[in-house]
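Below: the structure, in structure tokens.
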4 protein chains.
Amino acid sequence: MIVAFSVTPLGVGEGVAEPVARAVRVVRESGLPNRTDAMFTTIEGEWDEVMDVIKRAVDAVAEVAPRVSLVLKADLRAGVTDAMTTKLESLERHLP
Amino acid sequence: MIVAFSVTPLGVGEGVAEPVARAVRVVRESGLPNRTDAMFTTIEGEWDEVMDVIKRAVDAVAEVAPRVSLVLKADLRAGVTDAMTTKLESLERHLP
Amino acid sequence: MIVAFSVTPLGVGEGVAEPVARAVRVVRESGLPNRTDAMFTTIEGEWDEVMDVIKRAVDAVAEVAPRVSLVLKADLRAGVTDAMTTKLESLERHLP
Amino acid sequence: MIVAFSVTPLGVGEGVAEPVARAVRVVRESGLPNRTDAMFTTIEGEWDEVMDVIKRAVDAVAEVAPRVSLVLKADLRAGVTDAMTTKLESLERHLP
């Protein structure tokens with residue numbers, strides 16, 4: 001499955017780059033395909049491995065923030081792999 | 001933590017009540033505090049137990065749909081319990 | 001359409017009930033069908049009226065917070081009205 | 001503000017690339033800074049211009065689907081511009 005998730009620390013002020021970087025570091029060290037943009041980190045793998053990474057990412061933020069908000073969107077499709085790439089290619093084929 | 005989640009089956013037509021009911025049934029049988037409204041099912045518990053319920057809810061929908069979209073928002077706050085009730089009470093105290 | 005939305009103020013500490021209450025107040029004064037639970041406020045109406053309410057709700061929070069995060073999920077279905085009630089009833093018919 | 005949004009057409013089968021491409025086309029023709037990955041399209045601008053683009057993107061999908069689900073996450077911060085770039089740069093500065 002592909003999962004895009006975003007972790008927001010509360011109670012640490014309005015600048016949250018350092019706490020959020022802790023989450024991204026966990027994802028990058030996971031070995032799973034991933035990319036981070038201004039709003040979400042996207043990661044691909046099986047449910048258990050993806051959710052384990054997200055749990056550890058949330059925990060890494062919770063070490064420095066009293067409250068954490070997590071938003072997640074997942075796309076689950078049996079038998080589809082390498083979806084982070086192929087899904088976008090499929091979309092682009094329909095665009096000029 | 002409190003989690004609100006929504007499961008959307010794709011590839012089964014525009015009426016999705018029956019597949020979605022499969023997910024709600026898993027939640028209600030879980031024994032965790034929960035409520036369902038028109039857009040989300042909210043559930044409260046520890047990470048592992050909540051995520052296990054959501055995984056089984058998604059699986060129940062995936063049995064009848066070739067593709068499933070999951071959207072989830074979680075509020076994690078160490079040491080806070082019964083948050084589904086107290087959070088709303090705290091909010092209402094600030095309203096006329 | 002039905003929209004569930006959540007407004008999170010950043011830079012105001014971990015307790016956010018008072019700023020969030022400002023958003024809920026805007027919704028309740030809008031006259032549109034709405035309900036608020038621990039995670040989301042759900043509101044029903046046409047795109048322009050719903051989005052106008054959400055904009056004013058976000059603005060009310062931004063008056064007291066330097067940064068605001070908005071999460072929103074909408075269900076748009078042409079010709080369906082009173083969906084906040086009927087959608088849930090349709091779901092419950094499939095449950096024991 | 002920066003907004004990441006995702007439009008899911010229901011009632012058109014499990015392959016949704018063509019309907020979703022209609023939404024992305026609206027965004028790309030808007031002239032606003034944007035990028036699309038496997039899960040979300042991110043766009044930056046003022047509330048009214050961004051929401052107008054998203055409304056037209058949703059409408060373009062609704063022309064070919066009886067039901068549309070919209071998920072959106074926005075980050076609103078007064079006085080911050082070019083956030084799609086600077087936010088990610090700020091994050092990367094905290095990473096090895």
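How things are named: the first chain in the structure tokens is A, the next is B, and so on; residues count from 1 in each chain; ligands count from 1 in the order shown.
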Fill in: Neighbours of chain B in chain A at 7 Å, counting only C-alpha atoms, as a ChimeraX atom specification
/A:66-78
Fill in: Test item, alpha helix (DSSP H) assignment across chain D, answer as a PyMOL selection string
chain D and resi 17-28+47-62+83-92
Store the residues picked out above, limited to N, CA and C atoms, as a short mmCIF file (atom, residue, chain, number, x, y, z; two decimals), in the first residue's frame.
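Final file, selection_8.cif:
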```cif
data_model
loop_
_atom_site.label_atom_id
_atom_site.label_comp_id
_atom_site.auth_asym_id
_atom_site.auth_seq_id
_atom_site.Cartn_x
_atom_site.Cartn_y
_atom_site.Cartn_z
N ALA D 17 -7.46 6.91 -12.91
CA ALA D 17 -6.45 7.83 -13.43
C ALA D 17 -7.06 8.90 -14.36
N GLU D 18 -7.97 8.49 -15.22
CA GLU D 18 -8.52 9.47 -16.17
C GLU D 18 -9.34 10.55 -15.46
N PRO D 19 -10.31 10.17 -14.59
CA PRO D 19 -11.03 11.23 -13.86
C PRO D 19 -10.09 12.11 -13.02
N VAL D 20 -9.12 11.50 -12.35
CA VAL D 20 -8.22 12.28 -11.51
C VAL D 20 -7.37 13.23 -12.36
N ALA D 21 -7.01 12.79 -13.57
CA ALA D 21 -6.23 13.65 -14.47
C ALA D 21 -7.00 14.93 -14.81
N ARG D 22 -8.31 14.84 -14.85
CA ARG D 22 -9.12 16.04 -15.11
C ARG D 22 -8.88 17.09 -14.02
N ALA D 23 -8.79 16.62 -12.77
CA ALA D 23 -8.54 17.54 -11.65
C ALA D 23 -7.14 18.15 -11.74
N VAL D 24 -6.17 17.31 -12.05
CA VAL D 24 -4.78 17.80 -12.13
C VAL D 24 -4.64 18.81 -13.26
N ARG D 25 -5.35 18.56 -14.36
CA ARG D 25 -5.30 19.50 -15.49
C ARG D 25 -5.78 20.90 -15.06
N VAL D 26 -6.87 20.94 -14.30
CA VAL D 26 -7.38 22.23 -13.82
C VAL D 26 -6.32 22.94 -12.98
N VAL D 27 -5.65 22.18 -12.13
CA VAL D 27 -4.63 22.78 -11.26
C VAL D 27 -3.47 23.33 -12.10
N ARG D 28 -3.01 22.53 -13.05
CA ARG D 28 -1.85 22.95 -13.85
C ARG D 28 -2.16 24.17 -14.71
N TRP D 47 -6.34 31.95 0.02
CA TRP D 47 -7.51 31.08 0.23
C TRP D 47 -8.46 31.09 -0.97
N ASP D 48 -8.89 32.29 -1.40
CA ASP D 48 -9.92 32.35 -2.44
C ASP D 48 -9.44 31.74 -3.76
N GLU D 49 -8.20 32.02 -4.14
CA GLU D 49 -7.73 31.48 -5.42
C GLU D 49 -7.51 29.96 -5.34
N VAL D 50 -6.96 29.49 -4.22
CA VAL D 50 -6.74 28.05 -4.07
C VAL D 50 -8.08 27.30 -4.04
N MET D 51 -9.03 27.82 -3.27
CA MET D 51 -10.31 27.12 -3.14
C MET D 51 -11.10 27.17 -4.45
N ASP D 52 -10.93 28.23 -5.21
CA ASP D 52 -11.58 28.30 -6.52
C ASP D 52 -11.01 27.21 -7.45
N VAL D 53 -9.71 27.02 -7.42
CA VAL D 53 -9.09 25.98 -8.24
C VAL D 53 -9.58 24.59 -7.81
N ILE D 54 -9.62 24.38 -6.50
CA ILE D 54 -10.05 23.06 -6.01
C ILE D 54 -11.52 22.80 -6.36
N LYS D 55 -12.34 23.85 -6.25
CA LYS D 55 -13.74 23.67 -6.62
C LYS D 55 -13.86 23.27 -8.10
N ARG D 56 -13.11 23.94 -8.95
CA ARG D 56 -13.19 23.62 -10.38
C ARG D 56 -12.59 22.23 -10.66
N ALA D 57 -11.58 21.84 -9.88
CA ALA D 57 -11.00 20.50 -10.04
C ALA D 57 -12.02 19.42 -9.64
N VAL D 58 -12.72 19.67 -8.54
CA VAL D 58 -13.76 18.73 -8.09
C VAL D 58 -14.89 18.66 -9.12
N ASP D 59 -15.28 19.83 -9.62
CA ASP D 59 -16.36 19.86 -10.63
C ASP D 59 -15.96 19.06 -11.88
N ALA D 60 -14.69 19.17 -12.28
CA ALA D 60 -14.23 18.46 -13.49
C ALA D 60 -14.32 16.96 -13.29
N VAL D 61 -14.08 16.50 -12.07
CA VAL D 61 -14.21 15.07 -11.79
C VAL D 61 -15.68 14.68 -11.69
N ALA D 62 -16.48 15.55 -11.09
CA ALA D 62 -17.92 15.25 -10.91
C ALA D 62 -18.65 15.17 -12.24
N ALA D 83 6.05 29.05 0.40
CA ALA D 83 6.21 28.06 1.46
C ALA D 83 6.45 26.65 0.94
N MET D 84 5.96 26.35 -0.27
CA MET D 84 6.18 25.00 -0.81
C MET D 84 7.67 24.69 -0.87
N THR D 85 8.46 25.70 -1.18
CA THR D 85 9.91 25.51 -1.26
C THR D 85 10.58 25.70 0.10
N THR D 86 10.29 26.80 0.77
CA THR D 86 11.03 27.14 1.99
C THR D 86 10.73 26.17 3.13
N LYS D 87 9.51 25.65 3.17
CA LYS D 87 9.15 24.73 4.26
C LYS D 87 9.99 23.45 4.15
N LEU D 88 10.14 22.97 2.93
CA LEU D 88 10.92 21.75 2.73
C LEU D 88 12.41 22.01 2.99
N GLU D 89 12.89 23.17 2.57
CA GLU D 89 14.30 23.53 2.83
C GLU D 89 14.57 23.60 4.33
N SER D 90 13.62 24.20 5.05
CA SER D 90 13.76 24.33 6.49
C SER D 90 13.83 22.95 7.15
N LEU D 91 13.01 22.02 6.62
CA LEU D 91 13.01 20.65 7.14
C LEU D 91 14.34 19.96 6.83
N GLU D 92 14.80 20.11 5.59
CA GLU D 92 16.03 19.40 5.18
C GLU D 92 17.25 19.90 5.96
#
```
Transformed chain D, reference chain C, in-order C-alpha pairing, as a compact mmCIF listing (two decimals) with C-alpha atoms, in the first residue's frame:
```txt
# COMPACT_ATOMS: atom_id res chain seq x y z
CA MET D 1 -22.21 18.07 0.21
CA ILE D 2 -21.13 16.93 3.67
CA VAL D 3 -17.82 18.19 5.00
CA ALA D 4 -16.00 17.09 8.15
CA PHE D 5 -13.23 19.49 9.11
CA SER D 6 -10.76 20.04 11.91
CA VAL D 7 -8.80 23.19 12.71
CA THR D 8 -5.57 22.93 14.72
CA PRO D 9 -3.91 26.11 16.00
CA LEU D 10 -0.11 25.98 16.27
CA GLY D 11 2.02 28.20 18.47
CA VAL D 12 -0.54 28.48 21.28
CA GLY D 13 0.50 25.54 23.47
CA GLU D 14 -0.89 22.04 23.66
CA GLY D 15 -4.32 22.95 25.06
CA VAL D 16 -6.32 24.25 22.13
CA ALA D 17 -9.94 24.16 23.35
CA GLU D 18 -10.44 27.93 23.45
CA PRO D 19 -9.12 28.65 19.92
CA VAL D 20 -11.00 25.65 18.52
CA ALA D 21 -14.20 26.83 20.24
CA ARG D 22 -13.97 30.01 18.16
CA ALA D 23 -14.24 27.86 15.01
CA VAL D 24 -17.15 25.83 16.36
CA ARG D 25 -18.97 29.03 17.32
CA VAL D 26 -18.78 30.26 13.71
CA VAL D 27 -20.22 26.97 12.50
CA ARG D 28 -23.07 26.95 15.01
CA GLU D 29 -24.00 30.53 14.16
CA SER D 30 -24.03 29.68 10.43
CA GLY D 31 -27.45 28.06 10.51
CA LEU D 32 -26.20 25.07 8.51
CA PRO D 33 -26.78 21.54 9.86
CA ASN D 34 -23.72 20.67 11.93
CA ARG D 35 -22.35 18.52 14.70
CA THR D 36 -19.04 18.44 16.54
CA ASP D 37 -17.35 15.46 18.14
CA ALA D 38 -13.91 14.92 19.65
CA MET D 39 -12.12 14.98 16.29
CA PHE D 40 -14.18 16.75 13.62
CA THR D 41 -16.99 19.21 13.00
CA THR D 42 -19.37 18.03 10.29
CA ILE D 43 -21.45 20.47 8.28
CA GLU D 44 -23.80 20.11 5.33
CA GLY D 45 -24.69 22.52 2.53
CA GLU D 46 -23.67 23.73 -0.91
CA TRP D 47 -19.97 24.20 -1.69
CA ASP D 48 -19.99 28.00 -1.51
CA GLU D 49 -21.88 28.25 1.78
CA VAL D 50 -19.91 25.46 3.47
CA MET D 51 -16.55 26.82 2.32
CA ASP D 52 -17.51 30.33 3.42
CA VAL D 53 -18.26 29.01 6.91
CA ILE D 54 -14.99 27.09 7.05
CA LYS D 55 -13.04 30.12 5.88
CA ARG D 56 -14.58 32.25 8.62
CA ALA D 57 -13.95 29.46 11.17
CA VAL D 58 -10.28 29.32 10.16
CA ASP D 59 -10.03 33.11 10.29
CA ALA D 60 -11.50 33.12 13.82
CA VAL D 61 -8.77 30.74 14.95
CA ALA D 62 -6.05 32.63 13.06
CA GLU D 63 -6.94 35.73 15.07
CA VAL D 64 -5.43 34.04 18.13
CA ALA D 65 -2.85 31.68 16.59
CA PRO D 66 0.13 32.45 14.32
CA ARG D 67 -0.35 29.26 12.34
CA VAL D 68 -3.39 27.09 11.62
CA SER D 69 -3.64 23.60 10.18
CA LEU D 70 -6.89 22.62 8.47
CA VAL D 71 -7.92 19.06 7.63
CA LEU D 72 -11.08 18.47 5.65
CA LYS D 73 -12.91 15.54 4.10
CA ALA D 74 -15.90 16.14 1.84
CA ASP D 75 -18.44 13.81 0.27
CA LEU D 76 -20.05 15.33 -2.83
CA ARG D 77 -23.04 13.64 -4.40
CA ALA D 78 -25.31 15.49 -6.79
CA GLY D 79 -28.96 15.52 -5.87
CA VAL D 80 -28.49 14.13 -2.36
CA THR D 81 -29.77 16.27 0.50
CA ASP D 82 -30.06 15.69 4.26
CA ALA D 83 -27.09 13.35 3.85
CA MET D 84 -25.80 13.78 7.41
CA THR D 85 -28.85 11.83 8.57
CA THR D 86 -29.65 9.54 5.64
CA LYS D 87 -26.06 8.36 5.13
CA LEU D 88 -25.83 7.15 8.71
CA GLU D 89 -29.29 5.54 8.53
CA SER D 90 -28.27 3.73 5.35
CA LEU D 91 -25.16 2.45 7.13
CA GLU D 92 -27.06 1.34 10.25
CA ARG D 93 -29.48 -0.70 8.13
CA HIS D 94 -26.55 -2.97 7.31
CA LEU D 95 -25.60 -3.44 10.96
CA PRO D 96 -27.13 -5.77 13.53
```
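Selecting strand (DSSP E) from the backbone DSSP output for chain B yields Ile2, Val3, Ala4, Phe5, Ser6, Val7, Thr8, Pro9, Leu10, Asn34, Arg35, Thr36, Thr41, Thr42, Ile43, Glu44, Arg67, Val68, Ser69, Leu70, Val71, Leu72, Lys73, Ala74, Asp75, Leu76 and Arg77 of chain B.
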The selected residues should be written to file as a CSV table (one decimal), in the first residue's frame (atoms: N, CA and C atoms).
```csv
chain,number,residue,atom,x,y,z
B,2,ILE,N,-6.9,9.1,20.4
B,2,ILE,CA,-8.2,9.1,19.7
B,2,ILE,C,-7.9,9.1,18.2
B,3,VAL,N,-8.6,8.2,17.5
B,3,VAL,CA,-8.4,8.2,16.0
B,3,VAL,C,-9.8,8.2,15.4
B,4,ALA,N,-9.9,9.2,14.4
B,4,ALA,CA,-11.1,9.2,13.5
B,4,ALA,C,-10.6,8.6,12.2
B,5,PHE,N,-11.3,7.6,11.7
B,5,PHE,CA,-10.9,7.1,10.4
B,5,PHE,C,-12.1,6.8,9.5
B,6,SER,N,-11.9,6.8,8.2
B,6,SER,CA,-12.9,6.6,7.2
B,6,SER,C,-12.3,5.7,6.1
B,7,VAL,N,-13.1,4.6,5.8
B,7,VAL,CA,-12.7,3.7,4.8
B,7,VAL,C,-13.6,3.8,3.5
B,8,THR,N,-13.0,4.0,2.4
B,8,THR,CA,-13.8,4.2,1.1
B,8,THR,C,-13.4,3.0,0.2
B,9,PRO,N,-14.4,2.2,-0.1
B,9,PRO,CA,-14.1,1.1,-1.1
B,9,PRO,C,-14.3,1.7,-2.5
B,10,LEU,N,-13.3,1.3,-3.4
B,10,LEU,CA,-13.4,1.7,-4.8
B,10,LEU,C,-13.7,0.5,-5.6
B,34,ASN,N,-16.2,3.8,20.9
B,34,ASN,CA,-16.3,4.2,19.5
B,34,ASN,C,-17.6,4.9,19.2
B,35,ARG,N,-17.6,5.7,18.2
B,35,ARG,CA,-18.8,6.2,17.6
B,35,ARG,C,-18.6,6.5,16.1
B,36,THR,N,-19.7,6.4,15.4
B,36,THR,CA,-19.7,6.6,13.9
B,36,THR,C,-20.7,7.7,13.6
B,41,THR,N,-15.5,7.2,11.7
B,41,THR,CA,-15.7,6.4,12.9
B,41,THR,C,-14.5,6.8,13.8
B,42,THR,N,-14.9,7.2,15.1
B,42,THR,CA,-13.9,7.6,16.1
B,42,THR,C,-13.7,6.4,17.1
B,43,ILE,N,-12.5,6.2,17.5
B,43,ILE,CA,-12.2,5.1,18.3
B,43,ILE,C,-11.1,5.5,19.3
B,44,GLU,N,-11.1,5.0,20.5
B,44,GLU,CA,-10.0,5.4,21.5
B,44,GLU,C,-9.4,4.2,22.1
B,67,ARG,N,-10.1,-2.2,-4.2
B,67,ARG,CA,-9.3,-1.1,-3.8
B,67,ARG,C,-9.9,-0.4,-2.7
B,68,VAL,N,-9.1,0.0,-1.7
B,68,VAL,CA,-9.7,0.7,-0.5
B,68,VAL,C,-8.9,1.9,-0.2
B,69,SER,N,-9.5,3.0,0.1
B,69,SER,CA,-8.9,4.2,0.5
B,69,SER,C,-9.1,4.5,2.0
B,70,LEU,N,-8.1,4.7,2.7
B,70,LEU,CA,-8.2,4.9,4.2
B,70,LEU,C,-7.8,6.3,4.5
B,71,VAL,N,-8.6,7.1,5.3
B,71,VAL,CA,-8.2,8.4,5.8
B,71,VAL,C,-8.3,8.4,7.3
B,72,LEU,N,-7.3,8.9,8.0
B,72,LEU,CA,-7.2,8.7,9.4
B,72,LEU,C,-6.6,10.0,10.0
B,73,LYS,N,-7.2,10.4,11.1
B,73,LYS,CA,-6.6,11.5,11.9
B,73,LYS,C,-6.5,11.1,13.3
B,74,ALA,N,-5.4,11.2,13.9
B,74,ALA,CA,-5.2,10.8,15.3
B,74,ALA,C,-4.7,11.9,16.2
B,75,ASP,N,-5.1,11.9,17.4
B,75,ASP,CA,-4.7,12.9,18.4
B,75,ASP,C,-4.0,12.1,19.5
B,76,LEU,N,-2.7,12.3,19.7
B,76,LEU,CA,-1.9,11.5,20.7
B,76,LEU,C,-1.4,12.4,21.8
B,77,ARG,N,-1.8,12.1,23.0
B,77,ARG,CA,-1.4,12.9,24.1
B,77,ARG,C,-1.2,12.0,25.3
```
